[in-house]
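Have a look at entry.csv; it's CSV, C-alpha atoms:
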```csv
chain,number,residue,atom,x,y,z
A,271,MET,CA,-24.3,-51.7,-6.6
A,272,ASP,CA,-22.6,-49.1,-4.4
A,273,LEU,CA,-20.0,-51.5,-2.9
A,274,VAL,CA,-18.5,-49.1,-0.4
A,275,ARG,CA,-21.9,-48.2,1.0
A,276,HIS,CA,-22.9,-51.9,1.2
A,277,LEU,CA,-19.7,-52.7,3.0
A,278,GLN,CA,-20.3,-49.9,5.5
A,279,CYS,CA,-23.6,-51.5,6.2
A,280,PHE,CA,-22.1,-54.9,6.6
A,281,VAL,CA,-19.4,-53.7,9.0
A,282,ALA,CA,-21.9,-51.7,11.1
A,283,VAL,CA,-24.2,-54.7,11.5
A,284,ALA,CA,-21.3,-57.0,12.3
A,285,GLU,CA,-20.0,-54.7,15.0
A,286,GLU,CA,-23.4,-53.9,16.5
A,287,LEU,CA,-25.0,-57.3,16.0
A,288,HIS,CA,-28.3,-55.4,15.9
A,289,PHE,CA,-30.0,-54.0,12.8
A,290,GLY,CA,-31.7,-51.2,14.7
A,291,ARG,CA,-28.5,-49.9,16.3
A,292,ALA,CA,-26.6,-50.3,13.1
A,293,ALA,CA,-29.3,-48.3,11.2
A,294,ARG,CA,-29.1,-45.5,13.7
A,295,ARG,CA,-25.3,-45.4,13.5
A,296,LEU,CA,-25.5,-45.1,9.7
A,297,GLY,CA,-28.3,-42.6,9.8
A,298,MET,CA,-30.8,-44.6,7.9
A,299,ALA,CA,-34.0,-46.6,8.4
A,300,GLN,CA,-33.8,-50.3,9.3
A,301,PRO,CA,-35.7,-51.7,6.2
A,302,PRO,CA,-33.2,-50.2,3.7
A,303,LEU,CA,-30.3,-51.5,5.8
A,304,SER,CA,-31.8,-55.0,5.7
A,305,GLN,CA,-32.3,-54.8,2.0
A,306,ARG,CA,-28.6,-53.7,1.5
A,307,ILE,CA,-27.4,-56.6,3.5
A,308,GLN,CA,-29.5,-59.1,1.5
A,309,ARG,CA,-28.3,-57.6,-1.8
A,310,LEU,CA,-24.7,-57.9,-0.6
A,311,GLU,CA,-25.2,-61.5,0.3
A,312,ARG,CA,-26.6,-62.2,-3.1
A,313,GLU,CA,-23.7,-60.4,-4.9
A,314,LEU,CA,-21.1,-62.3,-2.8
A,315,GLY,CA,-23.0,-65.6,-2.7
A,316,VAL,CA,-22.3,-65.8,1.0
A,317,ARG,CA,-24.7,-65.6,3.9
A,318,LEU,CA,-23.3,-63.0,6.3
A,319,PHE,CA,-25.7,-63.1,9.2
A,320,GLU,CA,-28.0,-65.5,11.0
A,321,ARG,CA,-31.2,-63.6,12.1
A,322,SER,CA,-33.8,-64.5,14.6
A,323,SER,CA,-36.4,-62.6,16.5
A,324,ARG,CA,-34.1,-62.2,19.4
A,325,GLN,CA,-30.6,-61.8,18.0
A,326,VAL,CA,-28.3,-61.4,15.1
A,327,THR,CA,-25.1,-63.4,14.8
A,328,ILE,CA,-22.4,-63.2,12.2
A,329,THR,CA,-21.7,-66.4,10.1
A,330,LYS,CA,-18.4,-68.0,9.7
A,331,GLY,CA,-18.3,-66.7,6.1
A,332,GLY,CA,-19.1,-63.2,7.4
A,333,THR,CA,-16.3,-63.4,9.9
A,334,LEU,CA,-13.8,-64.4,7.2
A,335,LEU,CA,-14.9,-61.4,5.0
A,336,LEU,CA,-15.1,-58.8,7.8
A,337,GLU,CA,-11.4,-57.9,8.0
A,338,ASP,CA,-11.2,-57.6,4.2
A,339,ALA,CA,-14.3,-55.3,4.3
A,340,ARG,CA,-12.6,-53.1,6.9
A,341,ARG,CA,-9.5,-52.9,4.8
A,342,LEU,CA,-11.4,-52.0,1.7
A,343,LEU,CA,-13.2,-49.2,3.6
A,344,ALA,CA,-10.0,-47.9,5.0
A,345,HIS,CA,-8.5,-47.8,1.5
A,346,SER,CA,-11.6,-46.1,0.1
A,347,GLU,CA,-11.4,-43.4,2.8
A,348,ALA,CA,-7.7,-42.8,2.0
A,349,LEU,CA,-8.5,-42.6,-1.7
A,350,LEU,CA,-11.2,-40.0,-1.1
A,351,ALA,CA,-9.0,-38.0,1.2
A,352,THR,CA,-6.2,-38.0,-1.4
A,353,ALA,CA,-8.7,-36.9,-4.1
A,354,ARG,CA,-9.8,-34.0,-1.9
A,355,ARG,CA,-6.2,-32.9,-1.4
A,356,VAL,CA,-5.6,-33.1,-5.2
A,357,GLN,CA,-8.7,-31.1,-5.8
A,358,GLU,CA,-7.6,-28.5,-3.3
A,359,GLY,CA,-4.1,-28.4,-4.8
A,360,HIS,CA,-2.3,-30.0,-1.9
A,361,SER,CA,-1.2,-33.4,-3.3
A,362,GLY,CA,-0.9,-35.3,-6.5
A,363,LEU,CA,1.4,-35.3,-9.6
A,364,LEU,CA,2.1,-32.4,-11.9
A,365,ARG,CA,3.6,-33.0,-15.3
A,366,ALA,CA,5.4,-29.8,-16.3
A,367,ALA,CA,8.0,-28.7,-18.8
A,368,LEU,CA,10.5,-25.9,-19.4
A,369,PRO,CA,12.4,-25.0,-22.6
A,370,PRO,CA,16.1,-25.9,-22.9
A,371,ASP,CA,17.2,-22.3,-22.8
A,372,ILE,CA,16.1,-21.7,-19.2
A,373,THR,CA,19.1,-21.2,-17.0
A,374,GLY,CA,20.1,-23.6,-14.2
A,375,GLU,CA,19.6,-20.9,-11.6
A,376,THR,CA,16.1,-20.2,-12.9
A,377,VAL,CA,15.2,-23.9,-12.8
A,378,ALA,CA,16.4,-24.1,-9.2
A,379,ALA,CA,14.3,-21.1,-8.3
A,380,ILE,CA,11.3,-22.6,-9.9
A,381,LEU,CA,11.8,-25.9,-8.1
A,382,ALA,CA,12.3,-24.2,-4.7
A,383,GLY,CA,9.4,-21.8,-5.2
A,384,PHE,CA,7.0,-24.6,-6.2
A,385,GLN,CA,8.1,-26.7,-3.3
A,386,GLU,CA,7.3,-23.8,-1.0
A,387,ARG,CA,3.8,-23.3,-2.6
A,388,ARG,CA,2.8,-26.9,-3.1
A,389,GLY,CA,5.1,-29.2,-1.1
A,390,GLY,CA,2.7,-32.1,-1.2
A,391,VAL,CA,2.7,-32.3,-5.0
A,392,GLU,CA,5.1,-34.5,-6.9
A,393,LEU,CA,6.6,-32.4,-9.7
A,394,GLU,CA,7.6,-34.3,-12.9
A,395,LEU,CA,9.7,-31.8,-14.7
A,396,HIS,CA,10.8,-32.2,-18.4
A,397,GLU,CA,13.1,-30.2,-20.6
A,398,LEU,CA,11.2,-29.8,-23.9
A,399,SER,CA,11.2,-27.4,-26.8
A,400,THR,CA,8.1,-25.3,-27.5
A,401,ALA,CA,7.1,-27.6,-30.4
A,402,GLU,CA,7.4,-30.7,-28.1
A,403,GLN,CA,5.4,-29.0,-25.4
A,404,LEU,CA,2.6,-28.0,-27.7
A,405,ALA,CA,2.3,-31.5,-28.9
A,406,ARG,CA,2.2,-33.0,-25.4
A,407,LEU,CA,-0.2,-30.3,-24.1
A,408,ALA,CA,-2.6,-31.1,-27.0
A,409,ALA,CA,-2.4,-34.8,-26.2
A,410,HIS,CA,-2.9,-34.1,-22.5
A,411,GLU,CA,0.4,-35.8,-21.8
A,412,LEU,CA,1.6,-32.5,-20.1
A,413,ASP,CA,-0.3,-30.4,-17.5
A,414,VAL,CA,1.6,-27.2,-17.9
A,415,GLY,CA,4.6,-25.8,-19.8
A,416,LEU,CA,6.6,-22.7,-20.5
A,417,ILE,CA,6.4,-21.8,-24.2
A,418,HIS,CA,8.0,-19.2,-26.4
A,419,HIS,CA,5.9,-16.9,-28.5
A,420,PRO,CA,4.8,-16.6,-31.2
A,421,CYS,CA,3.3,-20.1,-31.6
A,422,ASP,CA,-0.1,-21.7,-32.1
A,423,VAL,CA,-1.9,-21.4,-28.7
A,424,SER,CA,-5.3,-22.6,-29.8
A,425,GLY,CA,-6.8,-24.8,-27.1
A,426,LEU,CA,-4.5,-23.3,-24.5
A,427,GLU,CA,-4.9,-20.9,-21.6
A,428,LEU,CA,-1.9,-18.6,-21.0
A,429,ASP,CA,-0.5,-16.8,-18.0
A,430,ARG,CA,0.8,-13.2,-18.7
A,431,VAL,CA,3.5,-13.0,-21.3
A,432,LEU,CA,7.0,-11.9,-20.2
A,433,ARG,CA,9.3,-10.0,-22.5
A,434,HIS,CA,13.1,-10.1,-22.3
A,435,GLU,CA,14.8,-7.7,-24.7
A,436,LEU,CA,17.7,-9.3,-26.6
A,437,GLY,CA,21.1,-7.9,-27.5
A,438,VAL,CA,23.9,-9.2,-29.7
A,439,LEU,CA,26.9,-11.2,-28.7
A,440,LEU,CA,29.9,-10.7,-31.0
A,441,PRO,CA,33.7,-10.8,-31.1
A,442,HIS,CA,35.3,-8.0,-29.0
A,443,ASP,CA,37.2,-6.6,-32.0
A,444,ALA,CA,34.1,-6.5,-34.3
A,445,PRO,CA,33.4,-3.0,-35.6
A,446,ALA,CA,29.9,-3.1,-34.1
A,447,ALA,CA,31.5,-3.8,-30.6
A,448,ARG,CA,32.6,-0.2,-30.5
A,449,LEU,CA,29.0,1.0,-30.6
A,450,GLY,CA,26.9,1.7,-27.5
A,451,THR,CA,23.8,0.2,-29.1
A,452,VAL,CA,24.0,-1.8,-32.3
A,453,PRO,CA,21.6,-1.4,-35.2
A,454,LEU,CA,20.7,-4.7,-36.8
A,455,SER,CA,21.9,-3.4,-40.1
A,456,ALA,CA,25.4,-3.1,-38.6
A,457,LEU,CA,25.5,-6.9,-38.5
A,458,THR,CA,25.4,-7.3,-42.3
A,459,GLY,CA,27.9,-9.8,-43.5
A,460,TYR,CA,27.8,-12.0,-40.4
A,461,GLU,CA,26.3,-15.4,-40.0
A,462,LEU,CA,23.8,-16.0,-37.2
A,463,ILE,CA,23.9,-18.7,-34.6
A,464,LEU,CA,20.3,-19.7,-33.9
A,465,PHE,CA,18.4,-22.6,-32.3
A,466,PRO,CA,17.1,-25.3,-34.6
A,467,ARG,CA,13.9,-24.2,-36.3
A,468,ALA,CA,12.1,-27.4,-35.3
A,469,HIS,CA,12.3,-26.4,-31.6
A,470,ALA,CA,10.0,-23.3,-32.2
A,471,PRO,CA,9.3,-22.7,-35.9
A,472,ALA,CA,7.2,-19.5,-35.5
A,473,VAL,CA,9.8,-18.0,-33.1
A,474,HIS,CA,12.6,-18.9,-35.5
A,475,ASP,CA,10.8,-17.4,-38.5
A,476,ASP,CA,9.7,-14.3,-36.6
A,477,LEU,CA,13.2,-13.5,-35.5
A,478,LEU,CA,14.6,-13.8,-39.0
A,479,THR,CA,11.8,-11.7,-40.4
A,480,THR,CA,12.4,-8.9,-37.9
A,481,CYS,CA,16.1,-9.0,-38.7
A,482,ALA,CA,15.4,-8.6,-42.4
A,483,ARG,CA,13.0,-5.8,-41.8
A,484,HIS,CA,15.7,-3.9,-39.9
A,485,GLY,CA,18.3,-4.4,-42.6
A,486,TYR,CA,20.1,-7.6,-41.5
A,487,THR,CA,19.9,-10.8,-43.5
A,488,PRO,CA,22.5,-13.4,-42.2
A,489,THR,CA,24.9,-14.8,-44.8
A,490,ALA,CA,24.1,-18.2,-43.2
A,491,VAL,CA,22.2,-19.6,-40.2
A,492,ARG,CA,24.3,-21.9,-38.0
A,493,HIS,CA,22.7,-24.1,-35.3
A,494,GLY,CA,24.8,-24.1,-32.2
A,495,GLN,CA,23.7,-25.0,-28.7
A,496,GLY,CA,26.7,-26.3,-26.9
A,497,THR,CA,28.9,-23.7,-25.1
A,498,SER,CA,32.2,-24.6,-26.7
A,499,PHE,CA,30.8,-25.1,-30.2
A,500,THR,CA,28.9,-21.8,-30.1
A,501,ARG,CA,31.9,-19.9,-28.7
A,502,GLY,CA,34.0,-21.3,-31.4
A,503,LEU,CA,31.6,-20.0,-34.1
A,504,LEU,CA,31.7,-16.6,-32.5
A,505,LEU,CA,35.4,-16.5,-32.2
A,506,SER,CA,35.7,-17.3,-35.9
A,507,ARG,CA,34.8,-13.6,-36.4
A,508,ARG,CA,32.2,-14.7,-38.9
A,509,ALA,CA,29.1,-15.2,-36.7
A,510,VAL,CA,27.0,-13.4,-34.0
A,511,ALA,CA,24.3,-14.5,-31.6
A,512,PHE,CA,21.3,-12.9,-29.9
A,513,GLY,CA,20.7,-13.1,-26.2
A,514,PRO,CA,19.5,-11.1,-23.2
A,515,ARG,CA,21.8,-9.0,-21.0
A,516,GLY,CA,24.2,-11.3,-19.2
A,517,ALA,CA,24.6,-13.6,-22.2
A,518,HIS,CA,28.3,-12.7,-22.2
A,519,PRO,CA,30.1,-15.2,-19.9
A,520,ALA,CA,31.9,-13.5,-17.1
A,521,GLY,CA,35.6,-13.2,-17.6
A,522,ASP,CA,35.6,-13.9,-21.3
A,523,PRO,CA,37.6,-11.1,-22.9
A,524,ASP,CA,37.1,-12.3,-26.4
A,525,LEU,CA,33.4,-11.6,-26.6
A,526,VAL,CA,31.2,-8.7,-25.8
A,527,TRP,CA,27.4,-8.2,-25.5
A,528,ARG,CA,25.7,-5.0,-26.8
A,529,PRO,CA,22.1,-3.9,-26.7
A,530,LEU,CA,20.3,-3.5,-30.0
A,531,ASP,CA,19.3,-0.1,-31.2
A,532,HIS,CA,15.5,0.5,-30.5
A,533,ALA,CA,15.3,-3.0,-29.0
A,534,PRO,CA,13.7,-4.7,-32.0
A,535,LEU,CA,14.2,-8.3,-30.7
A,536,ALA,CA,12.8,-9.9,-27.6
A,537,ARG,CA,12.2,-13.3,-26.1
A,538,ARG,CA,8.6,-13.6,-25.1
A,539,HIS,CA,7.3,-16.6,-23.1
A,540,SER,CA,4.5,-17.6,-20.8
A,541,ALA,CA,3.2,-20.5,-18.9
A,542,ALA,CA,0.5,-22.4,-20.8
A,543,TRP,CA,-1.9,-25.3,-20.1
A,544,PRO,CA,-4.9,-27.0,-21.8
A,545,ARG,CA,-8.0,-24.9,-21.8
A,546,GLY,CA,-10.3,-25.8,-18.8
A,547,ARG,CA,-7.6,-27.7,-17.0
A,548,GLY,CA,-6.0,-24.9,-15.0
A,549,ASP,CA,-6.6,-26.2,-11.5
A,550,ALA,CA,-4.9,-24.8,-8.3
A,551,VAL,CA,-1.7,-26.8,-8.8
A,552,VAL,CA,-1.3,-25.7,-12.4
A,553,ARG,CA,-1.8,-22.1,-11.5
A,554,ALA,CA,0.7,-22.4,-8.6
A,555,PHE,CA,3.3,-23.7,-11.1
A,556,ALA,CA,2.5,-20.9,-13.5
A,557,ASP,CA,2.8,-18.3,-10.8
A,558,THR,CA,6.1,-19.7,-9.6
A,559,VAL,CA,7.5,-19.7,-13.2
A,560,THR,CA,6.3,-16.2,-13.8
A,561,GLU,CA,7.8,-14.9,-10.6
A,562,ALA,CA,11.1,-16.6,-11.2
A,563,LEU,CA,11.4,-15.2,-14.8
A,564,ALA,CA,10.3,-11.7,-13.7
A,565,ARG,CA,13.1,-11.7,-11.2
A,566,THR,CA,15.6,-12.5,-13.9
A,567,ALA,CA,14.0,-10.3,-16.6
A,568,THR,CA,16.6,-8.4,-18.5
A,569,GLY,CA,16.5,-5.3,-20.6
A,570,PRO,CA,17.8,-1.7,-20.6
A,571,ASP,CA,15.7,-0.7,-17.6
A,572,LEU,CA,16.7,-3.7,-15.4
A,573,PRO,CA,20.0,-4.5,-13.8
A,574,ALA,CA,22.0,-7.4,-14.9
A,575,GLY,CA,22.6,-8.6,-11.3
A,576,PRO,CA,23.7,-12.2,-11.1
A,577,LEU,CA,22.9,-12.8,-14.8
A,578,HIS,CA,26.6,-12.5,-15.5
A,579,LEU,CA,27.1,-15.8,-13.8
A,580,ARG,CA,25.0,-17.7,-16.2
A,581,PRO,CA,26.6,-19.8,-19.0
A,582,ALA,CA,26.2,-18.3,-22.5
A,583,ALA,CA,24.9,-21.5,-24.0
A,584,GLU,CA,21.8,-21.2,-22.0
A,585,TYR,CA,21.0,-17.8,-23.5
A,586,TRP,CA,22.0,-17.8,-27.1
A,587,ILE,CA,19.0,-18.2,-29.4
```
Would you mind giving the structure from this file in structure tokens?
Amino acid sequence: MDLVRHLQCFVAVAEELHFGRAARRLGMAQPPLSQRIQRLERELGVRLFERSSRQVTITKGGTLLLEDARRLLAHSEALLATARRVQEGHSGLLRAALPPDITGETVAAILAGFQERRGGVELELHELSTAEQLARLAAHELDVGLIHHPCDVSGLELDRVLRHELGVLLPHDAPAARLGTVPLSALTGYELILFPRAHAPAVHDDLLTTCARHGYTPTAVRHGQGTSFTRGLLLSRRAVAFGPRGAHPAGDPDLVWRPLDHAPLARRHSAAWPRGRGDAVVRAFADTVTEALARTATGPDLPAGPLHLRPAAEYWI
């Protein structure tokens, strides 16, 4: 039984106290209206109206149910209105994720940009590694995320991939620090500070493979993410780290950032969502993320700008 439609019929007859007028109000014929009222009475086990050839009166039971019926209809209308707004991308909840290496300034820009685009949508934002995002996207526990490439993107749709070229962060007195651009082979003998492999296994392996192909095999791989710990590893004169332009903290005289010769390393990422689930809200978030990252893209042909203000721990990979 279509309860909402039956309740609409009940309320119309109760307010008109005339089946003919109620039928015209509802845009239907009188016999089907009478049949709906009779079926509703059977379902509820309550007689709603007393009928005679001259008049229709609402019963005591009908009177008691009338206000509840009106409330249910009001709630159903509100539900349908909300559903329309969600469908049109104006309201609802979006479960989204960003990787831990995104800077605070970029996160703030994404939040502000998404609020401007879809202010009626509640954004539930998580900090998750690429591996965690892929698992949640596959389980439909996440609507959209920002992932690092390469990774397994089967079952996903992707926004355009952004490429941020990486340089090397090293002690200021290291021999390679005197070079304008640093060949990867010049880092031979250094350990490498890198994110834990579990966070993005394919990215981790691809980076080490590229290093080896260009003549650099680290003597050891150290996992450092905190600012102080990572800086300590760098100052030991035994380790280096990769990051985009601006990875060098402003005012730190002990460390320098240098571009890599022929730019062999890059961070590549894009927004991703489950295939077939890219509605207006998901695409609004993807567009916001892409624009925020494009504004902060780094490389030899782009100015560093405010990137020098960003903490190094957010960039070292």
Spatial neighbours of A:Ala533, 12 Å, only C-alpha atoms, chain gap at least 5 places, as a ChimeraX atom specification | /A:433-438,451-454,480-481,484,512-515,528,568-571
Please produce a file of the residues just selected, as a compact mmCIF listing (two decimals), in the frame of the given file, where the atoms kept are C-alpha atoms.
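Writing done, so here's again16.txt:
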```txt
# COMPACT_ATOMS: atom_id res chain seq x y z
CA ARG A 433 9.30 -10.00 -22.50
CA HIS A 434 13.10 -10.10 -22.30
CA GLU A 435 14.80 -7.70 -24.70
CA LEU A 436 17.70 -9.30 -26.60
CA GLY A 437 21.10 -7.90 -27.50
CA VAL A 438 23.90 -9.20 -29.70
CA THR A 451 23.80 0.20 -29.10
CA VAL A 452 24.00 -1.80 -32.30
CA PRO A 453 21.60 -1.40 -35.20
CA LEU A 454 20.70 -4.70 -36.80
CA THR A 480 12.40 -8.90 -37.90
CA CYS A 481 16.10 -9.00 -38.70
CA HIS A 484 15.70 -3.90 -39.90
CA PHE A 512 21.30 -12.90 -29.90
CA GLY A 513 20.70 -13.10 -26.20
CA PRO A 514 19.50 -11.10 -23.20
CA ARG A 515 21.80 -9.00 -21.00
CA ARG A 528 25.70 -5.00 -26.80
CA THR A 568 16.60 -8.40 -18.50
CA GLY A 569 16.50 -5.30 -20.60
CA PRO A 570 17.80 -1.70 -20.60
CA ASP A 571 15.70 -0.70 -17.60
```
Using all atoms listed in the file: which of A:Arg538, A:Ala405, A:Ala511, A:Ser455 has the shortest distance to A:Arg483 = A:Ser455
Do a neighbour search on A:Arg545 at 6 Å with only C-alpha atoms, toss out local chain neighbours closer than 6 positions, and write the hits as a VMD selection string.
-> chain A and resid 425 to 427
Could you write out the selected residues, including C-alpha atoms, as a CSV table (one decimal), keeping the file's coordinate frame?
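Final output, saved to out.csv:
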```csv
chain,number,residue,atom,x,y,z
A,425,GLY,CA,-6.8,-24.8,-27.1
A,426,LEU,CA,-4.5,-23.3,-24.5
A,427,GLU,CA,-4.9,-20.9,-21.6
```
Closest of A:Ile417, A:Val281, A:Leu350, A:Leu342 to A:Ala401 - atom-to-atom distances counting only C-alpha atoms | A:Ile417
Residue nearest A:Ala468 - candidates A:Ile372, A:Ala293, A:Leu349, A:Leu398, atoms counted: all atoms listed in the file =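 Closest to A:Ala468, using all atoms listed in the file: A:Leu398.
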With a distance cut-off of 10 Å and only C-alpha atoms, select the neighbouring residues of A:Leu395, excluding the residue or stretch itself and same-chain residues fewer than 6 positions from it, and output the selection as a count of residues only.
-> 10
Taking into account only C-alpha atoms, which residue in the set A:Thr458, A:Ser346, A:Thr497, A:Ser540 is nearest to A:Val559?
->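 Nearest candidate to A:Val559 out of A:Thr458, A:Ser346, A:Thr497, A:Ser540: A:Ser540.
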Stretch 295-312 of chain A: which residues within 7 Å, counting all atoms listed in the file, same-chain residues fewer than 5 positions away excluded, as number ranges by chain?
-> A: 276, 279-280, 289-290, 317-318
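Across A:Asp522, A:Pro534, A:His288, A:Ala509, the tightest approach to A:Leu477 is made by A:Pro534 when counting all atoms listed in the file.
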Work out how far atom CA of A:Thr558 is from atom CA of A:Ala378, in Å to one decimal.
-> 11.2 Å
Any chance you could turn stretch 472-556 of chain A into a file with C-alpha atoms, as a PDB file, in the first residue's frame?
```pdb
ATOM      1  CA  ALA A 472      53.154   1.133  -5.391  1.00  0.00           C
ATOM      2  CA  VAL A 473      54.299   4.740  -4.966  1.00  0.00           C
ATOM      3  CA  HIS A 474      57.009   3.631  -2.509  1.00  0.00           C
ATOM      4  CA  ASP A 475      58.305   0.929  -4.849  1.00  0.00           C
ATOM      5  CA  ASP A 476      58.099   3.134  -7.955  1.00  0.00           C
ATOM      6  CA  LEU A 477      60.177   5.846  -6.291  1.00  0.00           C
ATOM      7  CA  LEU A 478      62.921   3.423  -5.221  1.00  0.00           C
ATOM      8  CA  THR A 479      62.939   1.806  -8.674  1.00  0.00           C
ATOM      9  CA  THR A 480      63.344   5.209 -10.340  1.00  0.00           C
ATOM     10  CA  CYS A 481      66.189   6.088  -7.974  1.00  0.00           C
ATOM     11  CA  ALA A 482      67.978   2.827  -8.768  1.00  0.00           C
ATOM     12  CA  ARG A 483      67.492   3.370 -12.496  1.00  0.00           C
ATOM     13  CA  HIS A 484      69.224   6.737 -12.180  1.00  0.00           C
ATOM     14  CA  GLY A 485      72.146   5.472 -10.145  1.00  0.00           C
ATOM     15  CA  TYR A 486      71.003   5.966  -6.528  1.00  0.00           C
ATOM     16  CA  THR A 487      70.360   3.037  -4.214  1.00  0.00           C
ATOM     17  CA  PRO A 488      69.994   4.251  -0.604  1.00  0.00           C
ATOM     18  CA  THR A 489      72.227   2.611   1.966  1.00  0.00           C
ATOM     19  CA  ALA A 490      69.078   2.356   4.115  1.00  0.00           C
ATOM     20  CA  VAL A 491      65.472   3.574   4.061  1.00  0.00           C
ATOM     21  CA  ARG A 492      64.353   5.415   7.176  1.00  0.00           C
ATOM     22  CA  HIS A 493      60.700   6.077   7.952  1.00  0.00           C
ATOM     23  CA  GLY A 494      60.366   9.585   9.310  1.00  0.00           C
ATOM     24  CA  GLN A 495      57.215  11.707   9.388  1.00  0.00           C
ATOM     25  CA  GLY A 496      57.470  14.022  12.393  1.00  0.00           C
ATOM     26  CA  THR A 497      59.214  17.341  11.770  1.00  0.00           C
ATOM     27  CA  SER A 498      61.797  17.116  14.542  1.00  0.00           C
ATOM     28  CA  PHE A 499      62.642  13.465  13.955  1.00  0.00           C
ATOM     29  CA  THR A 500      63.028  13.907  10.206  1.00  0.00           C
ATOM     30  CA  ARG A 501      65.112  17.056  10.620  1.00  0.00           C
ATOM     31  CA  GLY A 502      67.357  15.170  13.028  1.00  0.00           C
ATOM     32  CA  LEU A 503      67.925  12.426  10.474  1.00  0.00           C
ATOM     33  CA  LEU A 504      68.845  15.042   7.864  1.00  0.00           C
ATOM     34  CA  LEU A 505      71.215  16.848  10.197  1.00  0.00           C
ATOM     35  CA  SER A 506      73.022  13.589  10.913  1.00  0.00           C
ATOM     36  CA  ARG A 507      74.644  14.184   7.477  1.00  0.00           C
ATOM     37  CA  ARG A 508      73.741  10.598   6.595  1.00  0.00           C
ATOM     38  CA  ALA A 509      70.270  10.955   5.048  1.00  0.00           C
ATOM     39  CA  VAL A 510      68.352  12.920   2.401  1.00  0.00           C
ATOM     40  CA  ALA A 511      64.647  13.336   1.619  1.00  0.00           C
ATOM     41  CA  PHE A 512      62.598  14.158  -1.464  1.00  0.00           C
ATOM     42  CA  GLY A 513      59.983  16.863  -1.645  1.00  0.00           C
ATOM     43  CA  PRO A 514      58.616  19.619  -3.897  1.00  0.00           C
ATOM     44  CA  ARG A 515      59.923  23.162  -4.063  1.00  0.00           C
ATOM     45  CA  GLY A 516      59.282  24.809  -0.723  1.00  0.00           C
ATOM     46  CA  ALA A 517      60.085  21.667   1.272  1.00  0.00           C
ATOM     47  CA  HIS A 518      62.931  23.601   2.911  1.00  0.00           C
ATOM     48  CA  PRO A 519      61.549  25.290   6.046  1.00  0.00           C
ATOM     49  CA  ALA A 520      62.015  29.038   5.876  1.00  0.00           C
ATOM     50  CA  GLY A 521      64.834  30.288   8.050  1.00  0.00           C
ATOM     51  CA  ASP A 522      66.554  26.913   8.515  1.00  0.00           C
ATOM     52  CA  PRO A 523      70.219  27.531   7.561  1.00  0.00           C
ATOM     53  CA  ASP A 524      71.246  23.915   8.109  1.00  0.00           C
ATOM     54  CA  LEU A 525      69.234  22.433   5.251  1.00  0.00           C
ATOM     55  CA  VAL A 526      68.886  23.238   1.543  1.00  0.00           C
ATOM     56  CA  TRP A 527      66.531  22.118  -1.229  1.00  0.00           C
ATOM     57  CA  ARG A 528      67.820  21.471  -4.725  1.00  0.00           C
ATOM     58  CA  PRO A 529      65.983  20.405  -7.912  1.00  0.00           C
ATOM     59  CA  LEU A 530      66.878  17.022  -9.366  1.00  0.00           C
ATOM     60  CA  ASP A 531      68.647  16.866 -12.714  1.00  0.00           C
ATOM     61  CA  HIS A 532      66.129  16.100 -15.516  1.00  0.00           C
ATOM     62  CA  ALA A 533      63.294  15.964 -12.917  1.00  0.00           C
ATOM     63  CA  PRO A 534      63.076  12.149 -12.710  1.00  0.00           C
ATOM     64  CA  LEU A 535      60.848  12.114  -9.617  1.00  0.00           C
ATOM     65  CA  ALA A 536      57.378  13.550  -9.214  1.00  0.00           C
ATOM     66  CA  ARG A 537      54.433  13.285  -6.904  1.00  0.00           C
ATOM     67  CA  ARG A 538      51.288  12.455  -8.910  1.00  0.00           C
ATOM     68  CA  HIS A 539      47.839  12.510  -7.419  1.00  0.00           C
ATOM     69  CA  SER A 540      44.207  12.878  -8.394  1.00  0.00           C
ATOM     70  CA  ALA A 541      40.743  12.808  -6.915  1.00  0.00           C
ATOM     71  CA  ALA A 542      39.090   9.374  -7.178  1.00  0.00           C
ATOM     72  CA  TRP A 543      35.654   7.938  -6.483  1.00  0.00           C
ATOM     73  CA  PRO A 544      33.846   4.599  -7.048  1.00  0.00           C
ATOM     74  CA  ARG A 545      32.824   4.074 -10.667  1.00  0.00           C
ATOM     75  CA  GLY A 546      29.293   5.259 -11.357  1.00  0.00           C
ATOM     76  CA  ARG A 547      29.008   7.241  -8.114  1.00  0.00           C
ATOM     77  CA  GLY A 548      30.385  10.580  -9.287  1.00  0.00           C
ATOM     78  CA  ASP A 549      27.369  12.774  -8.556  1.00  0.00           C
ATOM     79  CA  ALA A 550      27.377  16.585  -8.502  1.00  0.00           C
ATOM     80  CA  VAL A 551      28.701  16.803  -4.932  1.00  0.00           C
ATOM     81  CA  VAL A 552      31.568  14.369  -5.564  1.00  0.00           C
ATOM     82  CA  ARG A 553      32.585  16.269  -8.679  1.00  0.00           C
ATOM     83  CA  ALA A 554      32.391  19.572  -6.814  1.00  0.00           C
ATOM     84  CA  PHE A 555      34.846  18.205  -4.227  1.00  0.00           C
ATOM     85  CA  ALA A 556      37.122  16.821  -6.956  1.00  0.00           C
TER      86      ALA A 556
END
```
